[in-house]
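Text of structure_3.cif (mmCIF, C-alpha atoms) as supplied:
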data_my_file
#
loop_
_atom_site.label_atom_id
_atom_site.label_comp_id
_atom_site.auth_asym_id
_atom_site.auth_seq_id
_atom_site.Cartn_x
_atom_site.Cartn_y
_atom_site.Cartn_z
CA MET A 10 -69.95 4.32 -8.60
CA ALA A 11 -67.29 3.07 -11.00
CA LYS A 12 -64.61 5.54 -12.03
CA VAL A 13 -63.10 5.73 -15.50
CA ILE A 14 -59.39 6.58 -15.59
CA VAL A 15 -57.42 7.31 -18.75
CA MET A 16 -53.66 6.78 -18.89
CA THR A 17 -52.49 9.19 -21.57
CA SER A 18 -49.49 11.25 -22.67
CA GLY A 19 -49.62 12.42 -26.25
CA LYS A 20 -46.09 11.24 -26.89
CA GLY A 21 -45.31 7.56 -27.42
CA GLY A 22 -42.80 5.49 -25.53
CA VAL A 23 -43.08 7.34 -22.23
CA GLY A 24 -44.54 4.38 -20.33
CA LYS A 25 -48.31 4.49 -20.72
CA THR A 26 -48.80 0.76 -21.07
CA THR A 27 -46.27 -0.06 -18.35
CA SER A 28 -48.02 2.43 -16.07
CA SER A 29 -51.48 1.14 -16.98
CA ALA A 30 -50.48 -2.42 -16.14
CA ALA A 31 -48.77 -1.35 -12.92
CA PHE A 32 -51.53 0.99 -11.80
CA ALA A 33 -54.38 -1.42 -12.56
CA THR A 34 -52.53 -4.17 -10.67
CA GLY A 35 -51.94 -1.75 -7.80
CA LEU A 36 -55.64 -0.91 -7.58
CA ALA A 37 -56.61 -4.59 -7.68
CA LEU A 38 -54.06 -5.41 -4.96
CA ARG A 39 -55.82 -2.81 -2.81
CA GLY A 40 -59.02 -4.81 -3.22
CA PHE A 41 -60.76 -2.85 -5.95
CA LYS A 42 -62.27 -4.74 -8.84
CA THR A 43 -60.36 -3.31 -11.77
CA VAL A 44 -60.38 -3.75 -15.52
CA VAL A 45 -57.69 -2.37 -17.82
CA ILE A 46 -58.65 -1.78 -21.45
CA ASP A 47 -56.22 -1.49 -24.36
CA PHE A 48 -57.37 1.33 -26.68
CA ASP A 49 -54.43 1.03 -29.06
CA VAL A 50 -56.36 -0.63 -31.89
CA GLY A 51 -54.02 -2.24 -34.40
CA LEU A 52 -51.01 -2.23 -32.08
CA ARG A 53 -52.02 -4.54 -29.27
CA ASN A 54 -49.42 -4.65 -26.52
CA LEU A 55 -51.08 -4.49 -23.12
CA ASP A 56 -51.62 -8.27 -23.33
CA LEU A 57 -47.85 -8.81 -23.59
CA ILE A 58 -47.06 -6.50 -20.69
CA MET A 59 -49.73 -8.21 -18.58
CA GLY A 60 -48.51 -11.62 -19.68
CA CYS A 61 -51.83 -12.87 -21.06
CA GLU A 62 -51.06 -12.76 -24.81
CA ARG A 63 -51.77 -16.46 -25.24
CA ARG A 64 -55.17 -16.22 -23.66
CA VAL A 65 -56.63 -13.65 -26.06
CA VAL A 66 -59.57 -15.13 -27.97
CA PHE A 67 -61.97 -12.24 -28.42
CA ASP A 68 -61.19 -8.54 -28.16
CA PHE A 69 -62.64 -5.09 -27.50
CA VAL A 70 -63.68 -4.59 -31.14
CA ASN A 71 -65.38 -8.02 -31.30
CA VAL A 72 -67.54 -6.94 -28.35
CA ILE A 73 -68.35 -3.56 -29.93
CA ASN A 74 -69.40 -5.32 -33.14
CA GLY A 75 -71.52 -7.82 -31.22
CA GLU A 76 -69.36 -10.76 -32.30
CA ALA A 77 -68.62 -11.74 -28.71
CA LYS A 78 -70.03 -11.13 -25.27
CA LEU A 79 -68.12 -8.92 -22.88
CA ASN A 80 -67.35 -11.74 -20.44
CA GLN A 81 -65.95 -13.83 -23.31
CA ALA A 82 -63.41 -11.12 -24.09
CA LEU A 83 -62.45 -10.23 -20.51
CA ILE A 84 -59.33 -12.05 -19.33
CA LYS A 85 -59.05 -12.70 -15.61
CA ASP A 86 -55.54 -12.24 -14.26
CA LYS A 87 -54.12 -15.44 -12.80
CA ARG A 88 -51.94 -13.74 -10.16
CA VAL A 89 -54.14 -11.00 -8.76
CA GLU A 90 -57.70 -11.32 -7.57
CA ASN A 91 -60.08 -8.65 -8.94
CA LEU A 92 -57.93 -7.83 -11.98
CA PHE A 93 -59.21 -8.16 -15.55
CA ILE A 94 -57.80 -7.27 -18.96
CA LEU A 95 -59.76 -6.33 -22.07
CA PRO A 96 -57.36 -6.67 -25.01
CA THR A 97 -57.67 -4.65 -28.18
CA SER A 98 -58.01 -5.83 -31.74
CA GLN A 99 -55.22 -6.01 -34.28
CA THR A 100 -57.46 -4.78 -37.08
CA ARG A 101 -56.22 -2.04 -39.37
CA ASP A 102 -59.68 -0.52 -39.53
CA LYS A 103 -59.29 3.00 -38.15
CA ASP A 104 -63.01 3.32 -37.47
CA ALA A 105 -63.29 0.16 -35.39
CA LEU A 106 -63.96 2.22 -32.26
CA THR A 107 -67.13 4.27 -32.13
CA LYS A 108 -68.28 6.57 -29.36
CA GLU A 109 -71.53 4.64 -29.04
CA GLY A 110 -69.77 1.28 -29.00
CA VAL A 111 -67.26 2.36 -26.36
CA GLU A 112 -69.95 3.96 -24.22
CA LYS A 113 -72.04 0.79 -24.29
CA ILE A 114 -69.13 -1.33 -23.09
CA LEU A 115 -68.08 1.15 -20.41
CA ASP A 116 -71.66 1.31 -19.11
CA GLU A 117 -71.76 -2.45 -18.89
CA LEU A 118 -68.39 -2.58 -17.11
CA LYS A 119 -69.46 0.14 -14.67
CA LYS A 120 -72.08 -2.19 -13.22
CA ASP A 121 -69.46 -4.69 -12.20
CA PHE A 122 -66.18 -2.86 -11.61
CA ASP A 123 -64.80 -0.20 -9.25
CA TYR A 124 -62.19 1.13 -11.65
CA ILE A 125 -61.98 1.07 -15.44
CA LEU A 126 -58.53 2.02 -16.65
CA CYS A 127 -58.21 3.02 -20.30
CA ASP A 128 -54.72 2.60 -21.76
CA SER A 129 -54.55 5.26 -24.47
CA PRO A 130 -52.53 5.00 -27.67
CA ALA A 131 -50.02 7.77 -28.42
CA GLY A 132 -51.06 10.78 -30.47
CA ILE A 133 -54.24 12.85 -30.48
CA GLU A 134 -56.13 10.89 -33.10
CA LYS A 135 -59.25 8.79 -32.82
CA GLY A 136 -57.97 6.02 -30.52
CA ALA A 137 -56.56 8.54 -28.06
CA LEU A 138 -59.72 10.68 -28.20
CA MET A 139 -61.89 7.61 -27.56
CA ALA A 140 -59.73 6.59 -24.60
CA LEU A 141 -60.07 9.97 -22.91
CA TYR A 142 -63.62 10.90 -23.92
CA PHE A 143 -65.45 9.17 -21.07
CA ALA A 144 -62.78 9.73 -18.40
CA ASP A 145 -63.40 10.96 -14.86
CA HIS A 146 -59.67 11.01 -14.10
CA ALA A 147 -56.68 11.43 -16.38
CA ILE A 148 -53.21 10.30 -15.46
CA ILE A 149 -50.74 12.15 -17.65
CA VAL A 150 -47.59 10.09 -18.09
CA THR A 151 -44.65 12.39 -18.73
CA ASN A 152 -40.88 11.97 -19.04
CA PRO A 153 -38.59 14.76 -17.84
CA GLU A 154 -37.77 15.66 -21.42
CA VAL A 155 -38.87 18.55 -23.67
CA SER A 156 -40.95 16.74 -26.29
CA SER A 157 -42.82 14.71 -23.70
CA VAL A 158 -43.67 17.78 -21.60
CA ARG A 159 -44.84 19.68 -24.67
CA ASP A 160 -47.09 16.79 -25.77
CA SER A 161 -48.48 16.45 -22.25
CA ASP A 162 -49.46 20.11 -22.41
CA ARG A 163 -51.25 19.44 -25.70
CA ILE A 164 -53.12 16.47 -24.28
CA LEU A 165 -54.21 18.58 -21.28
CA GLY A 166 -55.69 21.03 -23.79
CA VAL A 167 -57.52 18.19 -25.53
CA LEU A 168 -58.90 16.93 -22.18
CA ALA A 169 -60.18 20.40 -21.40
CA SER A 170 -62.00 20.73 -24.72
CA LYS A 171 -62.77 17.32 -26.23
CA SER A 172 -63.73 15.11 -23.26
CA ARG A 173 -67.36 14.36 -22.53
CA ARG A 174 -67.13 16.29 -19.27
CA ALA A 175 -65.93 19.32 -21.22
CA GLU A 176 -68.63 18.95 -23.87
CA LEU A 177 -71.41 18.63 -21.30
CA ASN A 178 -69.99 21.46 -19.19
CA GLN A 179 -69.61 19.14 -16.22
CA GLU A 180 -66.92 19.25 -13.60
CA PRO A 181 -63.63 18.89 -15.50
CA VAL A 182 -61.67 15.64 -15.74
CA GLN A 183 -59.36 15.35 -12.71
CA GLU A 184 -55.77 15.53 -13.86
CA HIS A 185 -52.79 13.79 -12.26
CA LEU A 186 -49.16 13.92 -13.28
CA LEU A 187 -47.11 10.73 -13.29
CA LEU A 188 -43.48 11.54 -14.00
CA THR A 189 -41.73 8.41 -15.23
CA ARG A 190 -38.14 7.47 -16.09
CA TYR A 191 -36.86 10.04 -13.63
CA ASP A 192 -33.14 9.91 -13.00
CA PRO A 193 -32.23 11.90 -9.85
CA GLU A 194 -28.51 11.68 -10.58
CA ARG A 195 -28.86 13.29 -13.98
CA VAL A 196 -31.16 15.89 -12.44
CA GLU A 197 -28.49 16.63 -9.85
CA ARG A 198 -25.93 17.17 -12.61
CA GLY A 199 -28.27 19.61 -14.37
CA ASP A 200 -28.77 17.31 -17.34
CA MET A 201 -32.44 16.54 -16.78
CA LEU A 202 -35.55 18.61 -15.97
CA LYS A 203 -36.43 18.64 -12.27
CA VAL A 204 -39.80 17.47 -10.94
CA ASP A 205 -40.48 21.05 -9.88
CA ASP A 206 -39.73 22.37 -13.37
CA VAL A 207 -42.23 19.99 -14.96
CA LEU A 208 -44.80 20.79 -12.27
CA GLU A 209 -44.34 24.51 -12.80
CA ILE A 210 -44.85 24.15 -16.55
CA LEU A 211 -47.79 21.73 -16.58
CA ALA A 212 -49.40 23.02 -13.37
CA ILE A 213 -51.29 19.85 -12.41
CA PRO A 214 -51.06 17.87 -9.15
CA LEU A 215 -48.26 15.34 -8.85
CA LEU A 216 -49.41 11.75 -8.42
CA GLY A 217 -45.97 10.19 -8.37
CA VAL A 218 -42.41 10.06 -9.61
CA VAL A 219 -41.25 6.71 -10.98
CA PRO A 220 -37.48 6.42 -11.14
CA GLU A 221 -35.72 5.04 -14.20
CA SER A 222 -35.42 1.40 -13.30
CA THR A 223 -34.04 -1.74 -14.83
CA ALA A 224 -36.93 -3.57 -13.18
CA VAL A 225 -39.36 -2.19 -15.78
CA LEU A 226 -37.69 -3.94 -18.71
CA ARG A 227 -37.19 -7.06 -16.64
CA ALA A 228 -40.88 -7.12 -15.74
CA SER A 229 -42.05 -6.59 -19.33
CA ASN A 230 -39.75 -9.35 -20.56
CA ILE A 231 -41.65 -11.87 -18.49
CA GLY A 232 -45.09 -10.29 -18.82
CA MET A 233 -45.42 -9.24 -15.21
CA PRO A 234 -46.77 -5.86 -14.12
CA VAL A 235 -43.92 -4.11 -12.31
CA THR A 236 -46.15 -3.70 -9.24
CA LEU A 237 -45.65 -7.41 -8.63
CA ASP A 238 -41.85 -7.09 -8.45
CA GLU A 239 -41.63 -6.56 -4.74
CA LYS A 240 -38.04 -5.41 -4.47
CA SER A 241 -37.96 -2.77 -7.20
CA ASN A 242 -38.15 0.97 -6.64
CA ALA A 243 -40.51 1.25 -9.61
CA ASN A 244 -42.94 -1.01 -7.79
CA LYS A 245 -42.73 1.12 -4.64
CA ALA A 246 -43.26 4.29 -6.67
CA TYR A 247 -46.36 2.89 -8.40
CA THR A 248 -47.74 1.51 -5.13
CA ASP A 249 -47.31 4.96 -3.55
CA ALA A 250 -49.01 6.58 -6.54
CA VAL A 251 -51.98 4.23 -6.20
CA ALA A 252 -52.25 5.11 -2.50
CA ARG A 253 -52.20 8.85 -3.31
CA PHE A 254 -54.83 8.29 -5.99
CA LEU A 255 -57.02 6.69 -3.31
CA GLY A 256 -56.66 9.84 -1.22
CA GLU A 257 -53.89 8.80 1.15
CA THR A 258 -51.01 11.11 2.03
CA VAL A 259 -47.76 9.45 1.08
CA GLU A 260 -44.48 11.29 1.01
CA HIS A 261 -42.75 11.40 -2.37
CA ARG A 262 -39.56 9.41 -2.72
CA PHE A 263 -36.97 8.60 -5.38
CA MET A 264 -36.48 12.29 -6.14
CA LYS A 265 -32.96 12.49 -4.69
CA PRO A 266 -29.97 10.36 -5.70
CA GLU A 267 -29.62 7.30 -3.54
CA LYS A 268 -26.70 7.34 -1.17
CA LYS A 269 -24.64 4.40 -2.25
CA GLY A 270 -22.54 2.42 0.16
CA PHE A 271 -18.99 1.35 -0.50
CA LEU A 272 -20.05 -2.13 -1.54
CA ASP A 273 -22.75 -0.83 -3.85
CA ARG A 274 -20.27 1.42 -5.56
CA LEU A 275 -17.85 -1.42 -5.88
CA LEU A 276 -20.44 -3.70 -7.42
CA ARG A 277 -22.11 -0.85 -9.39
CA ARG A 278 -25.47 -2.06 -8.34
CA THR A 279 -28.48 -0.20 -9.77
CA ALA A 280 -32.04 0.11 -8.63
CA MET B 7 -4.15 35.65 -14.92
CA SER B 8 -6.07 33.48 -17.30
CA ILE B 9 -6.27 30.68 -14.80
CA PHE B 10 -7.97 33.00 -12.27
CA ASN B 11 -10.43 34.13 -14.88
CA PHE B 12 -11.23 30.53 -15.56
CA PHE B 13 -12.28 30.01 -11.96
CA ARG B 14 -14.14 33.29 -11.82
CA GLN B 15 -16.38 32.49 -14.78
CA ALA B 16 -20.06 32.83 -14.00
CA PRO B 17 -21.63 29.40 -13.60
CA ARG B 18 -22.94 28.24 -16.97
CA LYS B 19 -26.66 27.66 -17.35
CA SER B 20 -27.32 23.93 -17.13
CA VAL B 21 -28.96 22.17 -20.06
CA ALA B 22 -31.95 21.39 -17.84
CA GLU B 23 -32.47 25.11 -17.19
CA GLU B 24 -32.26 25.79 -20.89
CA ALA B 25 -34.84 23.05 -21.54
CA LYS B 26 -37.19 24.66 -19.05
CA GLU B 27 -36.86 28.10 -20.62
CA ARG B 28 -37.40 26.81 -24.14
CA LEU B 29 -40.47 24.89 -23.00
CA GLN B 30 -41.94 27.91 -21.25
CA ILE B 31 -41.54 30.05 -24.37
CA VAL B 32 -42.90 27.52 -26.84
CA LEU B 33 -45.84 26.59 -24.61
CA ALA B 34 -46.78 30.23 -24.03
CA HIS B 35 -47.13 30.58 -27.81
CA GLU B 36 -48.95 27.31 -28.30
CA ARG B 37 -51.41 27.93 -25.49
CA ALA B 38 -52.27 31.34 -26.93
CA ALA B 39 -52.82 29.79 -30.36
CA GLY B 40 -54.81 26.91 -28.93
CA SER B 41 -57.30 29.22 -27.23
CA SER B 42 -58.27 31.05 -30.40
CA PRO B 43 -61.37 29.87 -32.22
CA ASP B 44 -61.06 27.57 -35.25
CA TYR B 45 -62.78 30.02 -37.58
CA LEU B 46 -60.00 32.65 -37.55
CA PRO B 47 -58.17 31.51 -40.70
CA ILE B 48 -61.42 31.29 -42.68
CA LEU B 49 -62.56 34.66 -41.33
CA GLN B 50 -59.29 36.19 -42.42
CA ARG B 51 -59.59 34.72 -45.91
CA GLU B 52 -63.18 35.89 -46.36
CA LEU B 53 -62.45 39.37 -45.04
CA LEU B 54 -59.57 39.61 -47.44
CA ALA B 55 -61.79 38.64 -50.37
CA VAL B 56 -64.40 41.28 -49.47
CA ILE B 57 -61.88 44.07 -48.96
CA ALA B 58 -60.01 43.15 -52.12
CA LYS B 59 -63.21 43.89 -54.05
CA TYR B 60 -62.93 47.55 -53.12
CA VAL B 61 -59.34 48.27 -52.20
CA GLN B 62 -56.12 46.79 -53.44
CA ILE B 63 -54.40 45.36 -50.41
CA ASP B 64 -51.43 43.23 -49.62
CA GLU B 65 -52.48 39.79 -48.41
CA LYS B 66 -49.82 39.89 -45.70
CA LYS B 67 -51.03 43.19 -44.29
CA VAL B 68 -54.26 41.79 -42.88
CA GLU B 69 -54.11 40.56 -39.33
CA VAL B 70 -56.88 38.92 -37.41
CA SER B 71 -56.22 38.23 -33.77
CA PHE B 72 -58.27 36.96 -30.89
CA GLU B 73 -57.61 37.73 -27.27
CA ARG B 74 -59.40 35.98 -24.45
CA GLY B 75 -60.06 38.20 -21.46
CA GLY B 76 -61.69 37.49 -18.10
CA ASP B 77 -65.12 38.95 -18.82
CA TYR B 78 -65.00 39.42 -22.56
CA SER B 79 -62.88 38.52 -25.55
CA THR B 80 -61.71 40.83 -28.28
CA LEU B 81 -61.57 40.13 -31.97
CA GLU B 82 -59.13 42.50 -33.58
CA VAL B 83 -58.96 43.01 -37.31
CA ASN B 84 -56.03 45.05 -38.52
CA ILE B 85 -55.85 46.02 -42.17
CA GLU B 86 -53.05 48.10 -43.51
CA LEU B 87 -54.09 50.03 -46.62
CA PRO B 88 -51.50 50.86 -49.27
CA PRO B 89 -50.07 54.39 -49.00
CA PRO B 90 -51.34 56.94 -51.50
CA SER B 91 -48.81 56.62 -54.26
CA PRO B 92 -47.68 59.45 -56.54
CA ASP B 93 -47.62 56.91 -59.32
CA LYS B 94 -50.22 57.86 -61.92
CA GLY B 95 -51.30 54.35 -62.71
CA VAL B 96 -52.41 53.68 -59.14
CA ARG B 97 -54.29 56.97 -58.91
CA THR B 98 -56.21 56.17 -62.04
CA ARG B 99 -57.18 52.85 -60.55
CA GLY B 100 -58.35 54.61 -57.40
CA THR B 101 -60.52 56.91 -59.44
CA ALA B 102 -61.90 53.95 -61.26
CA THR B 103 -62.96 52.42 -57.96
CA ASN B 104 -64.59 55.67 -56.96
CA THR B 105 -66.48 55.82 -60.19
CA ALA B 106 -67.61 52.27 -59.72
CA GLY B 107 -68.73 53.15 -56.21
CA GLY B 108 -70.62 56.14 -57.56
CA ASP B 109 -72.27 53.97 -60.11
CA ALA B 110 -73.35 51.52 -57.46
CA ALA B 111 -74.75 54.34 -55.35
CA SER B 112 -76.70 55.76 -58.20
CA ALA B 113 -77.88 52.30 -59.09
CA ALA B 114 -79.10 51.82 -55.53
CA LYS B 115 -80.84 55.18 -55.64
CA ALA B 116 -82.47 54.19 -58.87
CA ALA B 117 -83.66 50.97 -57.30
CA THR B 118 -85.22 52.83 -54.37
CA ALA B 119 -86.86 55.21 -56.75
CA ALA B 120 -88.22 52.29 -58.68
CA LYS B 121 -89.64 50.77 -55.49
CA ARG B 122 -91.30 54.04 -54.51
CA ALA B 123 -92.83 54.26 -57.91
#

Give the structure from the file, written as structure tokens.
Amino acid sequence: MAKVIVMTSGKGGVGKTTSSAAFATGLALRGFKTVVIDFDVGLRNLDLIMGCERRVVFDFVNVINGEAKLNQALIKDKRVENLFILPTSQTRDKDALTKEGVEKILDELKKDFDYILCDSPAGIEKGALMALYFADHAIIVTNPEVSSVRDSDRILGVLASKSRRAELNQEPVQEHLLLTRYDPERVERGDMLKVDDVLEILAIPLLGVVPESTAVLRASNIGMPVTLDEKSNANKAYTDAVARFLGETVEHRFMKPEKKGFLDRLLRRTA
Amino acid sequence: MSIFNFFRQAPRKSVAEEAKERLQIVLAHERAAGSSPDYLPILQRELLAVIAKYVQIDEKKVEVSFERGGDYSTLEVNIELPPPSPDKGVRTRGTATNTAGGDAASAAKAATAAKRA
């Protein structure tokens, strides 16, 4: 049975799209047929991060409106087997997404895919509500920073009251915390919230800690999900998170400052 | 002396610890607010309108709160009535209300009587 995952956060700029691209790629690399859908109607960006912006012909909203077939809008990734992207529309129409329309598409995708990953827009308005409504799992992307933690708490409240599972009194959406842009050195100095602090406040299971990494910007510049950058710590962190999501026990890393060698210090090399 | 004091100073709270404390406080408030039903503000407004028909009250002295318990929830309505004032004007108004009440009662009685008849 296909699982619907929402990547959400409340706050913008914390790394939802980066994480969606990386996580979907990670799932596909593990052999699961995965589709990642951009729910940020009007502000399409997943296509850029995935590097398929020039291949977009039809979009999510075209399919909802019956202007295109689903397989005409789905873009098959050229690097990874089993990975597909469903880009969003750039329309300014706020009501482009409807519950019925989204449900119809998700039902159709469920027949063919193992995982459907919904990349939520920021905020708690319609686009974000649509992205989380049908979710079985929610990955809450949070930065170790006060406004992000507060907004994550809000979005957890929305999941518990406005999702379909909540409305139908079913088993609640499974929540996972993905702490991104973590800087162990600043944590050590007492300048940044610790993983444990965020966990204590939000009280949901930890899926992974992604360290602040220059590889993320590098990857987005060239339209490559960071999970394909083999050397980077961000890649390793996302790959671990995917493994944990699949039920494997993987020890957390990147939570302590790296011990730097003499040469590293001399060259000021970063992750 | 001062240099020793400098070293003896209690370790300052780090900014991260302060962030955690502020978050815990603000979220405790927001979670409490988030769990109350949507109808509370409207309920408060309507209650106020009804009470204002009979008693002169201060808008700010009406408090409606909702507390979610394990087995049951409590809806608490707290209305502070104005103190009996020695001022003559207020007393007259009070009497007026009483008279009006009396009138209503007698009117009701009259209606019952009419029905019986």

> Do you know which residues are at most 12 Å from Ser170 of chain A counting all atoms listed in the file, after dropping those on the same chain fewer than 5 positions away, and could you put them as a ChimeraX atom specification?
Replying inline: /A:138,141-142,163-165,175-179,181-182 /B:40-41,43

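Residue-level contact on chain A: within 10 Å of chain B, counting only C-alpha atoms, the set is Pro153, Glu154, Val155, Ser156, Val158, Arg159, Asp160, Asp162, Arg163, Gly166, Val167, Arg195, Val196, Glu197, Arg198, Gly199, Asp200, Met201, Leu202, Lys203, Asp206, Val207, Glu209, Ile210 and Leu211 of chain A.
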
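Among A:Arg53, A:Glu62, A:Val72, A:Ile84, the residue with the shortest atom-to-atom distance to Thr100 of chain A, counting only C-alpha atoms, is A:Arg53.
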
> Residues picked by the PyMOL selection byres ((chain A and resi 124) around 10) here, as a list of chain:residue names?
Replying inline: A:Met10, A:Ala11, A:Lys12, A:Val13, A:Ile14, A:Ala33, A:Leu36, A:Ala37, A:Phe41, A:Lys42, A:Thr43, A:Val44, A:Val45, A:Leu92, A:Leu118, A:Lys119, A:Asp121, A:Phe122, A:Asp123, A:Ile125, A:Leu126, A:Cys127

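All residues of protein, DNA or RNA that reach within 12 Å of Val66 of chain A, judged by all atoms listed in the file and not counting those fewer than 4 positions away in the chain, are Asp56, Cys61, Glu62, Val70, Asn71, Val72, Glu76, Ala77, Lys78, Leu79, Asn80, Gln81, Ala82, Leu83, Ile84, Leu95, Pro96, Thr97, Ser98 and Gln99 of chain A.
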
>> Need to verify the contact set: Lys265 of chain A, 12 Å, all atoms listed in the file, exclusion of same-chain residues closer than 2 positions in sequence. Can you return it as a PyMOL selection string?
In response: chain A and resi 191-198+203-204+218-220+261-263+267-269

> Hey, what comes out of the PyMOL selection byres ((chain A and resi 128) around 8) on this file? Could you write it as a PyMOL selection string?
Replying inline: chain A and resi 15-17+25-26+29+45-49+126-127+129-130+140

> Exactly which residues make up the result of the PyMOL selection byres ((chain A and resi 250) around 9) on this file, given as a PyMOL selection string?
Replying inline: chain A and resi 32+35+187+216-219+245-249+251-255+259+261

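Between atom CA of Ser241 of chain A and atom CA of Ala224 of chain A lies a distance of 6.1 Å.
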
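Residues with any atom within 8 Å of Leu81 of chain B, counting all atoms listed in the file and excluding same-chain neighbours fewer than 4 positions away, are B:Val70, B:Ser71, B:Phe72, B:Glu73.
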
>> If we count all atoms listed in the file and set the cut-off at 8 Å, which residues sit around segment 47-62 of chain B, ignoring sequence neighbours fewer than 6 positions away in its own chain? Please answer as a list of chain:residue names.
In response: B:Val68, B:Glu69, B:Val70, B:Leu87, B:Pro88, B:Thr103

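Rounded to one decimal, atom CA of Val111 of chain A and atom CA of Ala144 of chain A lie 11.7 Å from each other.
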
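Computed from the coordinates, the atom CA of Ala169 of chain A to atom CA of His185 of chain A distance equals 13.5 Å.
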